[in-house]
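A.B. asks: One structure is given below, represented as structure tokens, and several questions about it will come after.
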2 protein chains.
Amino acid sequence: LTAVAELDTPVLVVDLDRVEHNVRRLQAYCDEHGLALRPHVKTHKLPQLAQLQLDAGAAGLACQKLGEAEVMADAGFDDLLVTFPVLGPAKTERLAALARRARIGVAADSEAVADGISRSVAAVGAEVVVLVDCDTGYGRTGVQSPAAAVELARHVAGLPGLRFGGLATYPSTPATAGWLREAVEAVERAGLEVERVSGGGTPLAYRTHELGIVTELRAGTYVYGDRACAANGSVPLDDCALHVVATVVSRPTLDRAIVDAGSKALTSDLAAGADGYGRLLEHPEADIVQLSEEHGWLDVSRCARPPELGEVVTILPNHACAATNLYDEVVVHRSGEVLDTWPVAARGLLR
Amino acid sequence: LTAVAELDTPVLVVDLDRVEHNVRRLQAYCDEHGLALRPHVKTHKLPQLAQLQLDAGAAGLACQKLGEAEVMADAGFDDLLVTFPVLGPAKTERLAALARRARIGVAADSEAVADGISRSVAAVGAEVVVLVDCDTGYGRTGVQSPAAAVELARHVAGLPGLRFGGLATYPSTPATAGWLREAVEAVERAGLEVERVSGGGTPLAYRTHELGIVTELRAGTYVYGDRACAANGSVPLDDCALHVVATVVSRPTLDRAIVDAGSKALTSDLAAGADGYGRLLEHPEADIVQLSEEHGWLDVSRCARPPELGEVVTILPNHACAATNLYDEVVVHRSGEVLDTWPVAARGLLR
């Protein structure tokens, strides 16, 4: 058996015991509160972990880009929700092709997006479920008011190839409950059925039941956890399952160590509530103060026993989803014993 | 002929006319001042552009990671300098294998790194040139003083399989000249020949001759330019050759537009001297104020004619090298007419 610490670095490793724990934990919460759980595959991009999530009781999968949905459909999964605006014939035709081989849902926030999807999907005699994307305060995509949600829902309901399925928002913080309730009531008053209110986000996932209006939770990062999750409490540090294993390749001064993991191994993403570019598990007093593309710069001045040249260290990345996207493969282990290497099948699929 | 503006988005595109201009311009500068130019392949990761740089007169190539050097050796290129500390038997054995089929140089900043390389290279009867990596003020890797440079140079010169070749530093700003001169003189007093003083960095590339001591310039970003280069003046905006073509997929409010290029298309890297995550060529008054993984958030409140839903926009990324690393392929064009699609052959090679 190979030990994770013996792998050539930098390498992205996944603790399967912890993944299983994280999957069971959020599924149990959703089961307890009668919420459908729809894991977001953008975090892991792995059919193997999507299977694990579905086996645990997930209702379906969420995908951010069409390419991710195609990988998941190729792996045999049904009931895929694409939560990104699908716009332009090149993409709506791919969506229509998907709808011929799997149950497909999409979120839409404009008539133009709905019209384009309708044209392509109706042309092949398929159907997709459309959720009206609602901006409940995050300020990204989404209709701007419950009245606008009603208007778009009516429009969708009248288009061939589309079935209005309800509302979607991100993130579904407790503060969004009023907006969503008002929109649901207004859509129902307009004579349309709201089958589903889909919310999302790992940070407040375990408070979703407080809203009383969300019926489905989309969450991605919960499967791995990361430094942001550890800081916001959604995944405790000891449950985090994704790490970058790196090596100290230079110790130029007493206070400085350089590891072989820079922005191309960790991303430049910061984590709210935590300084620097990651956390060294073996040296929590060391700060990753700066990154260049291949170098991580550690300030080890606070370390009683600073990392030595050649030492292998384990870094918890700030942002799991973005880190995953940098690697062609992940090494899967249990308690540090390597089980397998998986290609990150849906990596880099931007379209 | 396909036009760049008709490509499905997001897509990374390279303007070959501008690349050729940028390559000629820095080569002409180096020729004028008697400097060897060693382009850094970490920016483009493409054998095709390495060939173009060598054809223009480059003395060899610089690679940050062994994997990049292996791709370039596979493409038939000789004289490769690996500027990252090569540590551990897995890597030194790969370096030794490279040294059997190409002229290989490495930078080293510790006896441990030199010893490891020596063992593997001598074992296969090969030779590599070692440059002593000097920290002349940047605070990353490198020996800390001219005296330490002498000490490591002597050590290297005594090891089998290694040939001491001179000094290397990054970046070689005018302020580093004194450090380097002192080190060169001290090494020569110790009886060792300094064949080469290798400096680097695009931002101050065109001032390298001012140092009077650097004989070789390593530069990567100059080939493409990016928003940081435009801000520091090393590559004018109109010479920048690498862009992300994206589509406006949502116009939720009058002041906000969302494009299909987020941190997985642009990176989260910031550019010194420029706010936000990139520059929209068609709408310079629009600011890319925030990124999530697949979404770019534009503040279009200052635009007289803001981008419309479905509009295709051209984004100059903050950091070319990091953006390249996100894409499996680049589309090559001249004046917006597509010529070819190239796999980014050395993408994601972290080891």
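We label chains A, B, ... in the order they appear in the structure tokens, count residues from 1 in each chain, and number ligands from 1 in the order shown.
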Excluding Asp269 in chain A and residues on its chain fewer than 2 positions from it, collect all residues at most 12 Å away from it, counting only C-alpha atoms, and give them as a count of residues only.

C.D. replies: 37

A.B. asks: Starting from chain B, keep only residues with some atom at most 9 Å from an atom of chain A, counting only C-alpha atoms, and report them as a PyMOL selection string.

C.D. replies: chain B and resi 8-11+64-65+84-88+90-91+109-110+112-113+135+139-144+247+249-253+256-258+260-261+263-265+267-270+293-297+309-310+321-322+325-328+348-351

A.B. asks: Using DSSP on the backbone coordinates, identify the residues of range 34-277 of chain A assigned to alpha helix (DSSP H); present them as a ChimeraX atom specification.

C.D. replies: /A:47-55,66-74,89-99,111-123,146-157,177-189,227-232,263-266

A.B. asks: Just to be explicit: take each residue in the selection above, keep C-alpha atoms, and write the result as a compact mmCIF listing (two decimals), in the first residue's frame.

C.D. replies:
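For reference, again01.txt as written:
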```
# COMPACT_ATOMS: atom_id res chain seq x y z
CA PRO A 47 -19.02 10.62 -11.39
CA GLN A 48 -17.74 8.37 -8.59
CA LEU A 49 -18.73 10.87 -5.89
CA ALA A 50 -22.00 11.74 -7.62
CA GLN A 51 -22.84 8.02 -7.42
CA LEU A 52 -21.98 8.01 -3.74
CA GLN A 53 -24.26 11.01 -3.15
CA LEU A 54 -27.14 9.45 -5.08
CA ASP A 55 -26.70 6.13 -3.28
CA LEU A 66 -23.57 22.02 -19.71
CA GLY A 67 -20.27 20.19 -20.04
CA GLU A 68 -20.62 18.97 -16.46
CA ALA A 69 -24.15 17.79 -17.17
CA GLU A 70 -22.95 15.92 -20.25
CA VAL A 71 -20.29 14.11 -18.21
CA MET A 72 -22.89 13.14 -15.64
CA ALA A 73 -25.38 11.99 -18.28
CA ASP A 74 -22.60 9.94 -19.90
CA PRO A 89 -28.01 28.03 -30.21
CA ALA A 90 -24.73 26.14 -29.68
CA LYS A 91 -25.67 25.59 -26.06
CA THR A 92 -29.46 25.24 -26.30
CA GLU A 93 -28.98 22.51 -28.92
CA ARG A 94 -26.67 20.62 -26.56
CA LEU A 95 -29.27 21.06 -23.81
CA ALA A 96 -31.96 19.67 -26.12
CA ALA A 97 -29.77 16.67 -26.91
CA LEU A 98 -29.34 16.09 -23.18
CA ALA A 99 -33.10 16.33 -22.65
CA GLU A 111 -37.50 35.60 -21.49
CA ALA A 112 -34.64 35.49 -24.00
CA VAL A 113 -33.04 32.54 -22.21
CA ALA A 114 -36.38 30.72 -21.91
CA ASP A 115 -37.26 31.40 -25.56
CA GLY A 116 -33.95 30.04 -26.82
CA ILE A 117 -34.21 26.86 -24.77
CA SER A 118 -37.81 26.38 -25.87
CA ARG A 119 -36.93 26.62 -29.55
CA SER A 120 -34.17 24.01 -29.38
CA VAL A 121 -35.95 21.63 -27.03
CA ALA A 122 -39.28 21.75 -28.87
CA ALA A 123 -37.47 21.16 -32.16
CA PRO A 146 -41.69 38.40 -6.90
CA ALA A 147 -43.80 40.20 -9.53
CA ALA A 148 -41.08 39.62 -12.13
CA ALA A 149 -40.94 35.97 -11.09
CA VAL A 150 -44.67 35.64 -11.81
CA GLU A 151 -44.26 37.29 -15.18
CA LEU A 152 -41.42 34.97 -16.24
CA ALA A 153 -43.21 31.91 -14.84
CA ARG A 154 -46.26 32.72 -16.98
CA HIS A 155 -44.04 33.20 -20.02
CA VAL A 156 -42.28 29.87 -19.45
CA ALA A 157 -45.59 28.06 -18.94
CA ALA A 177 -37.55 33.39 3.15
CA GLY A 178 -39.87 36.40 2.87
CA TRP A 179 -38.97 37.08 -0.77
CA LEU A 180 -39.44 33.43 -1.69
CA ARG A 181 -42.76 33.07 0.19
CA GLU A 182 -44.14 36.17 -1.48
CA ALA A 183 -43.07 34.89 -4.90
CA VAL A 184 -44.52 31.40 -4.35
CA GLU A 185 -47.86 32.87 -3.25
CA ALA A 186 -47.96 35.25 -6.21
CA VAL A 187 -47.12 32.49 -8.72
CA GLU A 188 -49.80 30.25 -7.21
CA ARG A 189 -52.33 33.09 -7.33
CA ARG A 227 -10.88 26.47 4.74
CA ALA A 228 -13.87 28.75 4.13
CA CYS A 229 -16.23 26.02 5.43
CA ALA A 230 -14.04 25.49 8.49
CA ALA A 231 -14.14 29.25 9.15
CA ASN A 232 -17.93 29.52 8.76
CA SER A 263 -1.58 29.62 -7.36
CA LYS A 264 -1.65 26.82 -9.95
CA ALA A 265 -2.03 24.29 -7.13
CA LEU A 266 -4.16 26.25 -4.62
```

A.B. asks: Apply DSSP to the structure's backbone, then extract all residues of range 71-317 of chain A labelled strand (DSSP E or B) and return them as JSON, numbers by chain.

C.D. replies: {"A": [80, 81, 82, 104, 105, 106, 107, 108, 128, 129, 130, 131, 132, 133, 134, 143, 162, 163, 164, 165, 166, 167, 168, 169, 196, 197, 198, 199, 200, 216, 217, 218, 219, 242, 243, 244, 245, 246, 247, 248, 249, 250, 251, 252, 253, 256, 257, 258, 259, 271, 274, 279, 280, 287, 288, 289, 290, 291, 296, 297, 298, 299, 312, 313, 314, 315, 316]}

A.B. asks: To one decimal place, how far is CA of Val82 in chain B from CA of Thr221 in chain B in Å?

C.D. replies: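 Separating CA of Val82 in chain B from CA of Thr221 in chain B is a distance of 16.8 Å.
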
A.B. asks: In Å, how far is it from CA of Arg18 in chain A to CA of Leu237 in chain A?

C.D. replies: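 Going from CA of Arg18 in chain A over to CA of Leu237 in chain A, I get 10.9 Å.
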
A.B. asks: What's the separation between CA of Tyr222 in chain A and CA of His40 in chain A, in Å to one decimal place?

C.D. replies: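 Between CA of Tyr222 in chain A and CA of His40 in chain A the gap is 9.4 Å.
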